[in-house]
$ cat data.cif   # mmCIF, C-alpha atoms (C1' of nucleotides)
data_structure
#
loop_
_atom_site.label_atom_id
_atom_site.label_comp_id
_atom_site.auth_asym_id
_atom_site.auth_seq_id
_atom_site.Cartn_x
_atom_site.Cartn_y
_atom_site.Cartn_z
CA MET A 1 93.58 76.01 114.94
CA LEU A 2 95.80 78.28 112.96
CA ASP A 3 98.87 76.41 114.06
CA ALA A 4 99.96 75.88 110.50
CA GLY A 5 101.29 72.51 111.50
CA THR A 6 100.87 71.55 107.88
CA VAL A 7 103.61 73.86 106.69
CA VAL A 8 106.16 71.66 105.02
CA PRO A 9 109.80 72.58 104.59
CA CYS A 10 110.34 72.75 100.92
CA CYS A 11 113.63 73.92 99.65
CA PRO A 12 117.16 72.92 98.87
CA PRO A 13 120.07 75.36 99.35
CA ILE A 14 119.64 78.59 97.41
CA THR A 15 122.85 77.83 95.56
CA ALA A 16 121.14 74.84 93.96
CA GLY A 17 118.84 76.82 91.71
CA GLU A 18 116.23 79.54 91.43
CA LEU A 19 113.22 79.39 93.70
CA SER A 20 109.82 79.01 92.13
CA GLN A 21 107.24 81.65 92.82
CA ASP A 22 105.45 79.28 95.18
CA ASP A 23 108.53 78.24 97.12
CA ALA A 24 109.66 81.85 97.37
CA GLU A 25 106.37 82.81 98.96
CA LYS A 26 106.49 79.94 101.43
CA MET A 27 110.03 80.64 102.52
CA ALA A 28 109.51 84.41 102.59
CA ALA A 29 106.67 83.89 105.05
CA MET A 30 109.01 81.99 107.38
CA PHE A 31 111.72 84.63 107.19
CA LYS A 32 109.12 87.32 107.74
CA ALA A 33 108.22 85.68 111.03
CA LEU A 34 111.76 86.32 112.24
CA SER A 35 112.03 89.79 110.75
CA ASP A 36 110.92 91.58 113.91
CA PRO A 37 113.25 92.10 116.90
CA VAL A 38 110.55 91.29 119.43
CA ARG A 39 109.65 88.05 117.64
CA LEU A 40 113.30 87.10 117.34
CA ARG A 41 113.79 87.59 121.05
CA LEU A 42 110.68 85.59 121.89
CA PHE A 43 111.83 82.86 119.56
CA SER A 44 115.32 82.80 121.06
CA LYS A 45 113.88 82.65 124.56
CA VAL A 46 111.82 79.60 123.65
CA ALA A 47 114.62 77.92 121.71
CA SER A 48 117.19 78.47 124.45
CA HIS A 49 114.86 77.33 127.21
CA ALA A 50 115.27 73.87 128.66
CA GLY A 51 113.78 71.34 126.26
CA GLY A 52 113.15 73.98 123.62
CA GLU A 53 109.91 74.73 125.43
CA ALA A 54 108.74 77.62 127.57
CA CYS A 55 105.66 79.01 129.24
CA VAL A 56 104.49 82.40 128.02
CA CYS A 57 105.02 83.70 131.53
CA ASP A 58 108.71 82.82 131.28
CA ILE A 59 109.39 84.78 128.12
CA SER A 60 107.04 87.75 128.07
CA ASP A 61 109.42 90.38 129.41
CA VAL A 62 110.55 91.74 126.07
CA GLY A 63 109.55 95.34 126.57
CA VAL A 64 106.09 95.32 124.99
CA SER A 65 102.60 94.83 126.39
CA GLN A 66 101.04 91.43 126.97
CA PRO A 67 98.64 91.64 124.00
CA THR A 68 101.58 92.45 121.77
CA VAL A 69 103.49 89.43 123.04
CA SER A 70 100.47 87.26 122.33
CA HIS A 71 100.18 88.74 118.85
CA HIS A 72 103.80 87.98 118.03
CA LEU A 73 103.59 84.44 119.36
CA LYS A 74 100.58 83.91 117.11
CA LYS A 75 102.62 85.05 114.12
CA LEU A 76 105.40 82.63 114.96
CA ARG A 77 102.82 79.87 115.34
CA GLU A 78 101.17 80.65 112.01
CA ALA A 79 104.56 80.61 110.32
CA GLY A 80 105.11 77.11 111.65
CA LEU A 81 108.15 78.05 113.73
CA LEU A 82 106.49 77.42 117.07
CA THR A 83 103.76 75.15 118.35
CA SER A 84 101.66 75.82 121.41
CA GLU A 85 99.97 73.66 123.96
CA ARG A 86 97.83 74.55 126.92
CA ARG A 87 98.61 72.70 130.13
CA GLY A 88 96.32 73.80 132.91
CA THR A 89 96.62 77.50 133.53
CA TRP A 90 99.63 78.06 131.34
CA VAL A 91 100.38 77.86 127.64
CA TYR A 92 103.67 76.39 126.53
CA TYR A 93 105.42 77.16 123.29
CA LYS A 94 108.07 74.97 121.73
CA VAL A 95 110.15 75.20 118.58
CA ALA A 96 109.26 73.22 115.46
CA PRO A 97 112.65 71.79 114.47
CA PRO A 98 111.84 70.71 110.88
CA VAL A 99 110.78 74.18 109.81
CA VAL A 100 113.75 75.88 111.43
CA ALA A 101 116.07 73.30 109.91
CA ALA A 102 114.61 74.02 106.47
CA MET A 103 115.43 77.70 106.81
CA SER A 104 118.94 76.95 107.99
CA ALA A 105 119.52 74.45 105.19
CA MET A 106 118.34 76.91 102.60
CA LEU A 107 121.05 79.36 103.64
CA ASP A 108 123.76 76.72 103.56
CA LEU A 109 126.29 77.93 101.02
CA ARG A 110 128.36 74.76 100.67
CA THR A 111 128.39 73.61 97.08
CA MET B 1 127.70 104.05 99.82
CA LEU B 2 125.01 102.36 101.82
CA ASP B 3 126.47 98.98 101.14
CA ALA B 4 126.54 98.14 104.84
CA GLY B 5 129.73 96.26 104.25
CA THR B 6 130.41 96.83 107.90
CA VAL B 7 127.57 94.56 109.02
CA VAL B 8 129.20 91.90 111.11
CA PRO B 9 127.68 88.49 111.74
CA CYS B 10 127.13 88.35 115.43
CA CYS B 11 125.29 85.47 116.85
CA PRO B 12 125.61 81.91 118.07
CA PRO B 13 122.78 79.39 117.57
CA ILE B 14 119.50 80.51 119.13
CA THR B 15 119.56 77.45 121.32
CA ALA B 16 122.63 78.84 123.06
CA GLY B 17 120.86 81.66 124.84
CA GLU B 18 118.60 84.68 124.62
CA LEU B 19 119.45 87.38 122.13
CA SER B 20 120.24 90.83 123.40
CA GLN B 21 118.14 93.72 122.18
CA ASP B 22 120.97 94.83 119.94
CA ASP B 23 121.67 91.44 118.42
CA ALA B 24 117.96 90.86 117.89
CA GLU B 25 117.71 94.07 115.91
CA LYS B 26 120.72 93.23 113.78
CA MET B 27 119.55 89.74 112.97
CA ALA B 28 115.95 90.82 112.43
CA ALA B 29 117.15 93.26 109.79
CA MET B 30 118.84 90.41 107.91
CA PHE B 31 115.79 88.18 108.08
CA LYS B 32 113.63 91.07 106.98
CA ALA B 33 115.70 91.35 103.85
CA LEU B 34 114.62 87.84 102.91
CA SER B 35 111.04 88.27 104.02
CA ASP B 36 109.76 89.31 100.60
CA PRO B 37 109.13 86.79 97.80
CA VAL B 38 110.60 89.06 95.14
CA ARG B 39 113.77 89.60 97.16
CA LEU B 40 114.07 85.91 97.91
CA ARG B 41 113.83 85.11 94.21
CA LEU B 42 116.39 87.76 93.31
CA PHE B 43 118.67 86.45 96.03
CA SER B 44 118.28 82.86 94.85
CA LYS B 45 118.98 83.89 91.28
CA VAL B 46 122.23 85.52 92.32
CA ALA B 47 123.23 82.71 94.67
CA SER B 48 122.54 79.99 92.15
CA HIS B 49 124.30 81.80 89.31
CA ALA B 50 127.78 80.71 88.30
CA GLY B 51 130.28 82.05 90.83
CA GLY B 52 127.53 83.36 93.09
CA GLU B 53 127.49 86.44 90.93
CA ALA B 54 125.05 87.81 88.37
CA CYS B 55 124.34 90.87 86.26
CA VAL B 56 121.10 92.67 87.04
CA CYS B 57 120.05 92.00 83.47
CA ASP B 58 120.29 88.26 84.13
CA ILE B 59 117.96 88.24 87.12
CA SER B 60 115.44 91.02 86.63
CA ASP B 61 112.58 88.96 85.26
CA VAL B 62 110.75 88.43 88.52
CA GLY B 63 107.43 89.94 87.53
CA VAL B 64 107.90 93.48 88.80
CA SER B 65 109.06 96.71 87.19
CA GLN B 66 112.70 97.67 86.81
CA PRO B 67 112.61 100.37 89.54
CA THR B 68 111.16 97.81 91.92
CA VAL B 69 113.92 95.33 91.12
CA SER B 70 116.49 98.03 91.78
CA HIS B 71 114.78 98.92 95.05
CA HIS B 72 114.85 95.32 96.26
CA LEU B 73 118.48 94.82 95.30
CA LYS B 74 119.29 97.93 97.31
CA LYS B 75 117.56 96.45 100.34
CA LEU B 76 119.55 93.24 100.01
CA ARG B 77 122.72 95.30 99.72
CA GLU B 78 121.92 97.39 102.77
CA ALA B 79 121.23 94.23 104.75
CA GLY B 80 124.70 93.02 103.85
CA LEU B 81 123.48 89.95 101.98
CA LEU B 82 124.67 91.12 98.57
CA THR B 83 127.45 93.32 97.31
CA SER B 84 127.41 95.16 94.02
CA GLU B 85 130.03 96.23 91.55
CA ARG B 86 129.75 98.16 88.33
CA ARG B 87 131.75 96.76 85.42
CA GLY B 88 131.27 98.90 82.36
CA THR B 89 127.67 99.12 81.35
CA TRP B 90 126.41 96.45 83.73
CA VAL B 91 126.17 96.09 87.50
CA TYR B 92 126.97 92.74 89.05
CA TYR B 93 125.63 91.47 92.35
CA LYS B 94 127.23 88.71 94.38
CA VAL B 95 126.36 87.02 97.65
CA ALA B 96 128.18 87.93 100.89
CA PRO B 97 128.93 84.47 102.32
CA PRO B 98 129.78 85.48 105.93
CA VAL B 99 126.47 87.18 106.51
CA VAL B 100 124.46 84.37 104.98
CA ALA B 101 126.45 81.84 106.99
CA ALA B 102 125.69 83.75 110.18
CA MET B 103 121.97 83.49 109.52
CA SER B 104 122.23 79.80 108.75
CA ALA B 105 124.34 79.15 111.86
CA MET B 106 121.87 80.98 114.04
CA LEU B 107 119.11 78.58 113.00
CA ASP B 108 121.23 75.52 113.63
CA LEU B 109 119.37 73.50 116.25
CA ARG B 110 122.12 71.03 117.15
CA THR B 111 122.82 71.13 120.85
"C1'" DC C 1 78.56 79.93 140.93
"C1'" DG C 2 82.06 83.76 141.56
"C1'" DT C 3 86.63 85.29 141.45
"C1'" DC C 4 91.36 85.49 140.26
"C1'" DT C 5 95.18 84.84 137.12
"C1'" DA C 6 96.97 83.70 132.49
"C1'" DT C 7 96.41 84.23 127.74
"C1'" DG C 8 94.00 85.45 123.41
"C1'" DT C 9 91.09 88.71 120.52
"C1'" DT C 10 89.32 93.13 118.80
"C1'" DG C 11 89.50 97.75 117.07
"C1'" DA C 12 92.02 101.77 116.22
"C1'" DC C 13 96.02 104.35 114.98
"C1'" DA C 14 100.57 105.56 113.38
"C1'" DC C 15 103.99 104.00 110.78
"C1'" DT C 16 106.44 101.26 107.33
"C1'" DC C 17 106.74 99.13 102.85
"C1'" DA C 18 106.10 97.32 98.00
"C1'" DT C 19 105.00 99.11 93.84
"C1'" DC C 20 104.87 102.09 89.88
"C1'" DG C 21 105.71 106.08 86.43
"C1'" DA C 22 108.74 109.68 85.65
"C1'" DT C 23 113.14 111.12 85.74
"C1'" DA C 24 118.11 111.24 86.50
"C1'" DC C 25 122.59 109.10 86.25
"C1'" DC C 26 126.26 106.33 84.02
"C1'" DA C 27 128.99 104.21 80.39
"C1'" DG C 28 129.59 102.87 75.78
"C1'" DT C 29 129.14 104.02 70.73
"C1'" DG C 30 128.89 106.68 66.90
"C1'" DC D 1 129.00 116.15 71.14
"C1'" DA D 2 124.42 113.56 70.83
"C1'" DC D 3 122.31 109.21 71.35
"C1'" DT D 4 121.20 104.74 73.34
"C1'" DG D 5 120.65 101.13 76.65
"C1'" DG D 6 121.31 99.69 81.61
"C1'" DT D 7 120.57 101.00 86.33
"C1'" DA D 8 119.40 104.05 90.28
"C1'" DT D 9 116.54 107.63 92.55
"C1'" DC D 10 112.25 110.34 93.46
"C1'" DG D 11 107.43 111.10 94.67
"C1'" DA D 12 103.04 109.25 95.28
"C1'" DT D 13 99.87 105.76 96.70
"C1'" DG D 14 97.67 101.75 98.50
"C1'" DA D 15 98.49 97.74 101.38
"C1'" DG D 16 100.45 95.85 105.34
"C1'" DT D 17 102.23 95.83 110.28
"C1'" DG D 18 103.44 96.78 115.32
"C1'" DT D 19 101.46 98.63 119.14
"C1'" DC D 20 98.22 99.47 122.78
"C1'" DA D 21 93.83 99.77 125.70
"C1'" DA D 22 89.71 97.42 126.28
"C1'" DC D 23 87.47 93.36 126.34
"C1'" DA D 24 86.87 88.24 126.02
"C1'" DT D 25 88.05 83.53 127.15
"C1'" DA D 26 89.95 79.62 129.80
"C1'" DG D 27 91.20 77.10 133.70
"C1'" DA D 28 91.99 76.81 138.92
"C1'" DC D 29 90.17 77.36 143.36
"C1'" DG D 30 87.03 78.27 146.89
#
$ encode --input "data.cif" --output "structure tokens"
Amino acid sequence: MLDAGTVVPCCPPITAGELSQDDAEKMAAMFKALSDPVRLRLFSKVASHAGGEACVCDISDVGVSQPTVSHHLKKLREAGLLTSERRGTWVYYKVAPPVVAAMSAMLDLRT
Amino acid sequence: MLDAGTVVPCCPPITAGELSQDDAEKMAAMFKALSDPVRLRLFSKVASHAGGEACVCDISDVGVSQPTVSHHLKKLREAGLLTSERRGTWVYYKVAPPVVAAMSAMLDLRT
DNA sequence: CGTCTATGTTGACACTCATCGATACCAGTG
DNA sequence: CACTGGTATCGATGAGTGTCAACATAGACG
């Protein structure tokens, strides 16, 4: 699939040195995934759900149509921030802790 | 100016609960500022510079034209991630720690 | 198999954005 | 004052993106 499960966190804190072109593109793609209000809300709904996991049906009331929700979830998946799994009728999304941790660590300003 | 110095960090870790529409829009705007490779590189150059501060002339070799660099720095300023100050001939940009810290804290997955 | 519900995909459209050349603004220096 | 170098703004353009309606797919159930 397009799950981008191979995305590997890459970078030390920004204070540690300039990003390479490559690293900048990788990290920018992750930030871009969270750069839309609808995606941020979907992401927060999954992350704050019990076990960091939620069914699409539990989180899809964000004010846009169902295809749009699906589209945004795909973006979050491709960015490596979420993973998805089908269990019977429903599809469950859960957060990918390593990737999120990499973003958080990059913005850590402690020297 | 448009410095958006009034942008206030708002949000607890995503694991703590769903974001409101308003908070989602605020945070999305910050993430969007870092969602471009050129901006990320500019930001990392400033953040990794001595004192978290750098002259535009020190950081503008990112492979795009001077107007484009200026445009991206403006975006980072408007998002509240950087502040700027003119000192004589040169303009210096420095990181805005509270805003960056808010983004980092939001992605903290500890429960 | 047929049907129903949940989710993903496609195609189209309006809108935003990154980029550049040209130009304007600002502060020294002569 | 004119001139020069650093930075910001403007206008245009091509690429990218969020959104929806329509359709497709997948599993459950009879």
$ residues_around --input "data.cif" --residues "range 9-17 of chain C" --least-positions-apart "6" --cutoff "12 Å" --atoms "all atoms listed in the file" --output "PyMOL selection string"
(chain A and resi 67-68+70-71+74) or (chain B and resi 32-33+35-36+68+71-72+75) or (chain D and resi 13-25)
$ atom_distance --input "data.cif" --atom1 "CA of Leu19 in chain B" --atom2 "CA of Arg77 in chain B"
24.0 Å
$ residues_around --input "data.cif" --residues "DG5 in chain D" --least-positions-apart "2" --cutoff "10 Å" --atoms "all atoms listed in the file" --output "PDB file with C-alpha atoms (C1' of nucleotides), in the frame of the given file"
ATOM      1  CA  THR B  89     127.670  99.120  81.350  1.00  0.00           C
TER       2      THR B  89
ATOM      3  C1'  DA C  27     128.990 104.210  80.390  1.00  0.00           C
ATOM      4  C1'  DG C  28     129.590 102.870  75.780  1.00  0.00           C
TER       5       DG C  28
ATOM      6  C1'  DC D   3     122.310 109.210  71.350  1.00  0.00           C
ATOM      7  C1'  DT D   7     120.570 101.000  86.330  1.00  0.00           C
TER       8       DT D   7
END
$ atom_distance --input "data.cif" --atom1 "CA of Val95 in chain A" --atom2 "CA of Arg41 in chain A"
13.1 Å
$ atom_distance --input "data.cif" --atom1 "CA of Pro13 in chain A" --atom2 "CA of Glu85 in chain B"
24.4 Å
$ residues_around --input "data.cif" --residues "Val38 in chain A" --least-positions-apart "4" --cutoff "10 Å" --atoms "only C-alpha atoms (C1' of nucleotides)" --output "ChimeraX atom specification"
/A:34,42-44,60,62-64,68-69,72-73 /B:21,24-25,28 /D:18
$ residues_around --input "data.cif" --residues "Ser48 in chain A" --least-positions-apart "5" --cutoff "7 Å" --atoms "all atoms listed in the file" --output "ChimeraX atom specification"
/B:14-18
$ residues_around --input "data.cif" --residues "Lys94 in chain B" --least-positions-apart "5" --cutoff "10 Å" --atoms "only C-alpha atoms (C1' of nucleotides)" --output "list in words"
Phe43, Val46, Ala47, His49, Gly51, Gly52, Glu53, Ala54, Cys55, Arg77, Leu81, Leu82, Thr83, Ser84 and Glu85 of chain B
$ axis_aligned_box --input "data.cif" --around "range 7-26 of chain C" --padding-each-side "6 Å" --output "JSON"
{"center_x": 107.8, "center_y": 97.7, "center_z": 105.9, "size_x": 48.9, "size_y": 39.0, "size_z": 55.7}
$ resolve_selection --input "data.cif" --expression "the PyMOL selection byres ((chain C and resi 2) around 12)" --output "PDB file with C-alpha atoms (C1' of nucleotides), keeping the file's coordinate frame"
ATOM      1  C1'  DC C   1      78.560  79.930 140.930  1.00  0.00           C
ATOM      2  C1'  DT C   3      86.630  85.290 141.450  1.00  0.00           C
ATOM      3  C1'  DC C   4      91.360  85.490 140.260  1.00  0.00           C
TER       4       DC C   4
ATOM      5  C1'  DC D  29      90.170  77.360 143.360  1.00  0.00           C
ATOM      6  C1'  DG D  30      87.030  78.270 146.890  1.00  0.00           C
TER       7       DG D  30
END
$ closest_residue --input "data.cif" --among "B:Cys57, B:Ala79, B:Ala96, B:Met106" --to "chain D" --atoms "only C-alpha atoms (C1' of nucleotides)"
B:Cys57
$ closest_residue --input "data.cif" --among "A:Met30, A:Arg39, A:Tyr92, A:Leu107" --to "chain C" --atoms "only C-alpha atoms (C1' of nucleotides)"
A:Tyr92
$ closest_atom_pairs --input "data.cif" --of "chain C" --to "chain B" --cutoff "12 Å" --atoms "only C-alpha atoms (C1' of nucleotides)" --output "CSV"
residue,atom,partner,partner_atom,distance
C:DC17,C1',B:Asp36,CA,10.5
C:DA18,C1',B:Thr68,CA,7.9
C:DT19,C1',B:Thr68,CA,6.6
C:DC20,C1',B:Ser65,CA,7.3
C:DG21,C1',B:Pro67,CA,9.5
C:DA22,C1',B:Pro67,CA,10.8
C:DT23,C1',B:Pro67,CA,11.4
C:DC26,C1',B:Thr89,CA,7.8
C:DA27,C1',B:Thr89,CA,5.3
C:DG28,C1',B:Thr89,CA,7.0
C:DT29,C1',B:Thr89,CA,11.8
$ closest_residue --input "data.cif" --among "B:Val56, B:Val91, B:Cys11, B:Met27" --to "chain A" --atoms "only C-alpha atoms"
B:Met27
$ closest_residue --input "data.cif" --among "B:Arg110, B:Ala50, B:Met103, B:Asp58" --to "chain D" --atoms "all atoms listed in the file"
B:Asp58
$ build_atoms --input "data.cif" --residues "range 83-94 of chain B" --atoms "all heavy atoms" --output "PDB file, in the coordinates of the input"
ATOM      1  N   THR B  83     126.604  92.173  97.626  1.00  0.00           N
ATOM      2  CA  THR B  83     127.450  93.320  97.310  1.00  0.00           C
ATOM      3  C   THR B  83     127.324  93.579  95.829  1.00  0.00           C
ATOM      4  O   THR B  83     126.993  92.679  95.053  1.00  0.00           O
ATOM      5  CB  THR B  83     128.922  93.042  97.648  1.00  0.00           C
ATOM      6  OG1 THR B  83     129.366  91.914  96.895  1.00  0.00           O
ATOM      7  CG2 THR B  83     129.098  92.760  99.128  1.00  0.00           C
ATOM      8  N   SER B  84     127.573  94.831  95.437  1.00  0.00           N
ATOM      9  CA  SER B  84     127.410  95.160  94.020  1.00  0.00           C
ATOM     10  C   SER B  84     128.674  95.818  93.486  1.00  0.00           C
ATOM     11  O   SER B  84     129.442  96.430  94.231  1.00  0.00           O
ATOM     12  CB  SER B  84     126.216  96.100  93.834  1.00  0.00           C
ATOM     13  OG  SER B  84     126.479  97.348  94.433  1.00  0.00           O
ATOM     14  N   GLU B  85     128.855  95.669  92.199  1.00  0.00           N
ATOM     15  CA  GLU B  85     130.030  96.230  91.550  1.00  0.00           C
ATOM     16  C   GLU B  85     129.668  96.565  90.118  1.00  0.00           C
ATOM     17  O   GLU B  85     129.056  95.763  89.426  1.00  0.00           O
ATOM     18  CB  GLU B  85     131.168  95.192  91.578  1.00  0.00           C
ATOM     19  CG  GLU B  85     132.473  95.667  90.991  1.00  0.00           C
ATOM     20  CD  GLU B  85     133.459  94.500  90.837  1.00  0.00           C
ATOM     21  OE1 GLU B  85     133.118  93.384  91.287  1.00  0.00           O
ATOM     22  OE2 GLU B  85     134.532  94.700  90.263  1.00  0.00           O
ATOM     23  N   ARG B  86     130.023  97.761  89.713  1.00  0.00           N
ATOM     24  CA  ARG B  86     129.750  98.160  88.330  1.00  0.00           C
ATOM     25  C   ARG B  86     130.942  97.770  87.465  1.00  0.00           C
ATOM     26  O   ARG B  86     132.095  98.114  87.769  1.00  0.00           O
ATOM     27  CB  ARG B  86     129.499  99.650  88.272  1.00  0.00           C
ATOM     28  CG  ARG B  86     129.413 100.203  86.871  1.00  0.00           C
ATOM     29  CD  ARG B  86     128.604 101.485  86.832  1.00  0.00           C
ATOM     30  NE  ARG B  86     127.588 101.439  85.798  1.00  0.00           N
ATOM     31  CZ  ARG B  86     126.370 101.918  85.913  1.00  0.00           C
ATOM     32  NH1 ARG B  86     126.001 102.440  87.042  1.00  0.00           N
ATOM     33  NH2 ARG B  86     125.522 101.849  84.913  1.00  0.00           N
ATOM     34  N   ARG B  87     130.682  97.073  86.375  1.00  0.00           N
ATOM     35  CA  ARG B  87     131.750  96.760  85.420  1.00  0.00           C
ATOM     36  C   ARG B  87     131.261  97.185  84.053  1.00  0.00           C
ATOM     37  O   ARG B  87     130.486  96.461  83.409  1.00  0.00           O
ATOM     38  CB  ARG B  87     132.072  95.267  85.436  1.00  0.00           C
ATOM     39  CG  ARG B  87     132.792  94.843  86.724  1.00  0.00           C
ATOM     40  CD  ARG B  87     133.684  93.615  86.524  1.00  0.00           C
ATOM     41  NE  ARG B  87     132.938  92.388  86.333  1.00  0.00           N
ATOM     42  CZ  ARG B  87     132.505  91.602  87.328  1.00  0.00           C
ATOM     43  NH1 ARG B  87     132.742  91.949  88.578  1.00  0.00           N
ATOM     44  NH2 ARG B  87     131.858  90.495  87.070  1.00  0.00           N
ATOM     45  N   GLY B  88     131.715  98.371  83.641  1.00  0.00           N
ATOM     46  CA  GLY B  88     131.270  98.900  82.360  1.00  0.00           C
ATOM     47  C   GLY B  88     129.802  99.244  82.407  1.00  0.00           C
ATOM     48  O   GLY B  88     129.350  99.919  83.323  1.00  0.00           O
ATOM     49  N   THR B  89     129.078  98.767  81.450  1.00  0.00           N
ATOM     50  CA  THR B  89     127.670  99.120  81.350  1.00  0.00           C
ATOM     51  C   THR B  89     126.817  98.438  82.419  1.00  0.00           C
ATOM     52  O   THR B  89     125.827  98.982  82.866  1.00  0.00           O
ATOM     53  CB  THR B  89     127.126  98.714  79.964  1.00  0.00           C
ATOM     54  OG1 THR B  89     127.954  99.311  78.971  1.00  0.00           O
ATOM     55  CG2 THR B  89     125.696  99.196  79.784  1.00  0.00           C
ATOM     56  N   TRP B  90     127.264  97.248  82.855  1.00  0.00           N
ATOM     57  CA  TRP B  90     126.410  96.450  83.730  1.00  0.00           C
ATOM     58  C   TRP B  90     126.847  96.474  85.190  1.00  0.00           C
ATOM     59  O   TRP B  90     128.014  96.725  85.496  1.00  0.00           O
ATOM     60  CB  TRP B  90     126.359  95.015  83.228  1.00  0.00           C
ATOM     61  CG  TRP B  90     125.709  94.923  81.887  1.00  0.00           C
ATOM     62  CD1 TRP B  90     124.361  94.926  81.624  1.00  0.00           C
ATOM     63  CD2 TRP B  90     126.360  94.860  80.621  1.00  0.00           C
ATOM     64  NE1 TRP B  90     124.148  94.854  80.269  1.00  0.00           N
ATOM     65  CE2 TRP B  90     125.346  94.815  79.631  1.00  0.00           C
ATOM     66  CE3 TRP B  90     127.701  94.830  80.217  1.00  0.00           C
ATOM     67  CZ2 TRP B  90     125.645  94.738  78.263  1.00  0.00           C
ATOM     68  CZ3 TRP B  90     127.991  94.761  78.856  1.00  0.00           C
ATOM     69  CH2 TRP B  90     126.977  94.720  77.906  1.00  0.00           C
ATOM     70  N   VAL B  91     125.889  96.195  86.071  1.00  0.00           N
ATOM     71  CA  VAL B  91     126.170  96.090  87.500  1.00  0.00           C
ATOM     72  C   VAL B  91     125.996  94.632  87.915  1.00  0.00           C
ATOM     73  O   VAL B  91     124.993  94.003  87.577  1.00  0.00           O
ATOM     74  CB  VAL B  91     125.219  96.983  88.318  1.00  0.00           C
ATOM     75  CG1 VAL B  91     125.447  96.789  89.808  1.00  0.00           C
ATOM     76  CG2 VAL B  91     125.422  98.445  87.934  1.00  0.00           C
ATOM     77  N   TYR B  92     126.997  94.130  88.614  1.00  0.00           N
ATOM     78  CA  TYR B  92     126.970  92.740  89.050  1.00  0.00           C
ATOM     79  C   TYR B  92     126.743  92.649  90.551  1.00  0.00           C
ATOM     80  O   TYR B  92     127.333  93.392  91.329  1.00  0.00           O
ATOM     81  CB  TYR B  92     128.278  92.044  88.686  1.00  0.00           C
ATOM     82  CG  TYR B  92     128.455  91.868  87.194  1.00  0.00           C
ATOM     83  CD1 TYR B  92     128.928  92.916  86.410  1.00  0.00           C
ATOM     84  CD2 TYR B  92     128.123  90.666  86.573  1.00  0.00           C
ATOM     85  CE1 TYR B  92     129.073  92.775  85.037  1.00  0.00           C
ATOM     86  CE2 TYR B  92     128.274  90.511  85.192  1.00  0.00           C
ATOM     87  CZ  TYR B  92     128.755  91.568  84.437  1.00  0.00           C
ATOM     88  OH  TYR B  92     128.890  91.422  83.077  1.00  0.00           O
ATOM     89  N   TYR B  93     125.885  91.735  90.920  1.00  0.00           N
ATOM     90  CA  TYR B  93     125.630  91.470  92.350  1.00  0.00           C
ATOM     91  C   TYR B  93     126.169  90.097  92.711  1.00  0.00           C
ATOM     92  O   TYR B  93     126.045  89.151  91.948  1.00  0.00           O
ATOM     93  CB  TYR B  93     124.125  91.538  92.633  1.00  0.00           C
ATOM     94  CG  TYR B  93     123.612  92.954  92.769  1.00  0.00           C
ATOM     95  CD1 TYR B  93     123.350  93.743  91.647  1.00  0.00           C
ATOM     96  CD2 TYR B  93     123.382  93.522  94.014  1.00  0.00           C
ATOM     97  CE1 TYR B  93     122.884  95.036  91.771  1.00  0.00           C
ATOM     98  CE2 TYR B  93     122.902  94.818  94.150  1.00  0.00           C
ATOM     99  CZ  TYR B  93     122.659  95.570  93.031  1.00  0.00           C
ATOM    100  OH  TYR B  93     122.203  96.857  93.161  1.00  0.00           O
ATOM    101  N   LYS B  94     126.795  90.018  93.894  1.00  0.00           N
ATOM    102  CA  LYS B  94     127.230  88.710  94.380  1.00  0.00           C
ATOM    103  C   LYS B  94     126.867  88.538  95.848  1.00  0.00           C
ATOM    104  O   LYS B  94     126.680  89.507  96.568  1.00  0.00           O
ATOM    105  CB  LYS B  94     128.740  88.520  94.172  1.00  0.00           C
ATOM    106  CG  LYS B  94     129.600  89.474  94.951  1.00  0.00           C
ATOM    107  CD  LYS B  94     131.056  89.016  95.005  1.00  0.00           C
ATOM    108  CE  LYS B  94     131.678  88.803  93.628  1.00  0.00           C
ATOM    109  NZ  LYS B  94     133.125  88.474  93.712  1.00  0.00           N
TER     110      LYS B  94
END
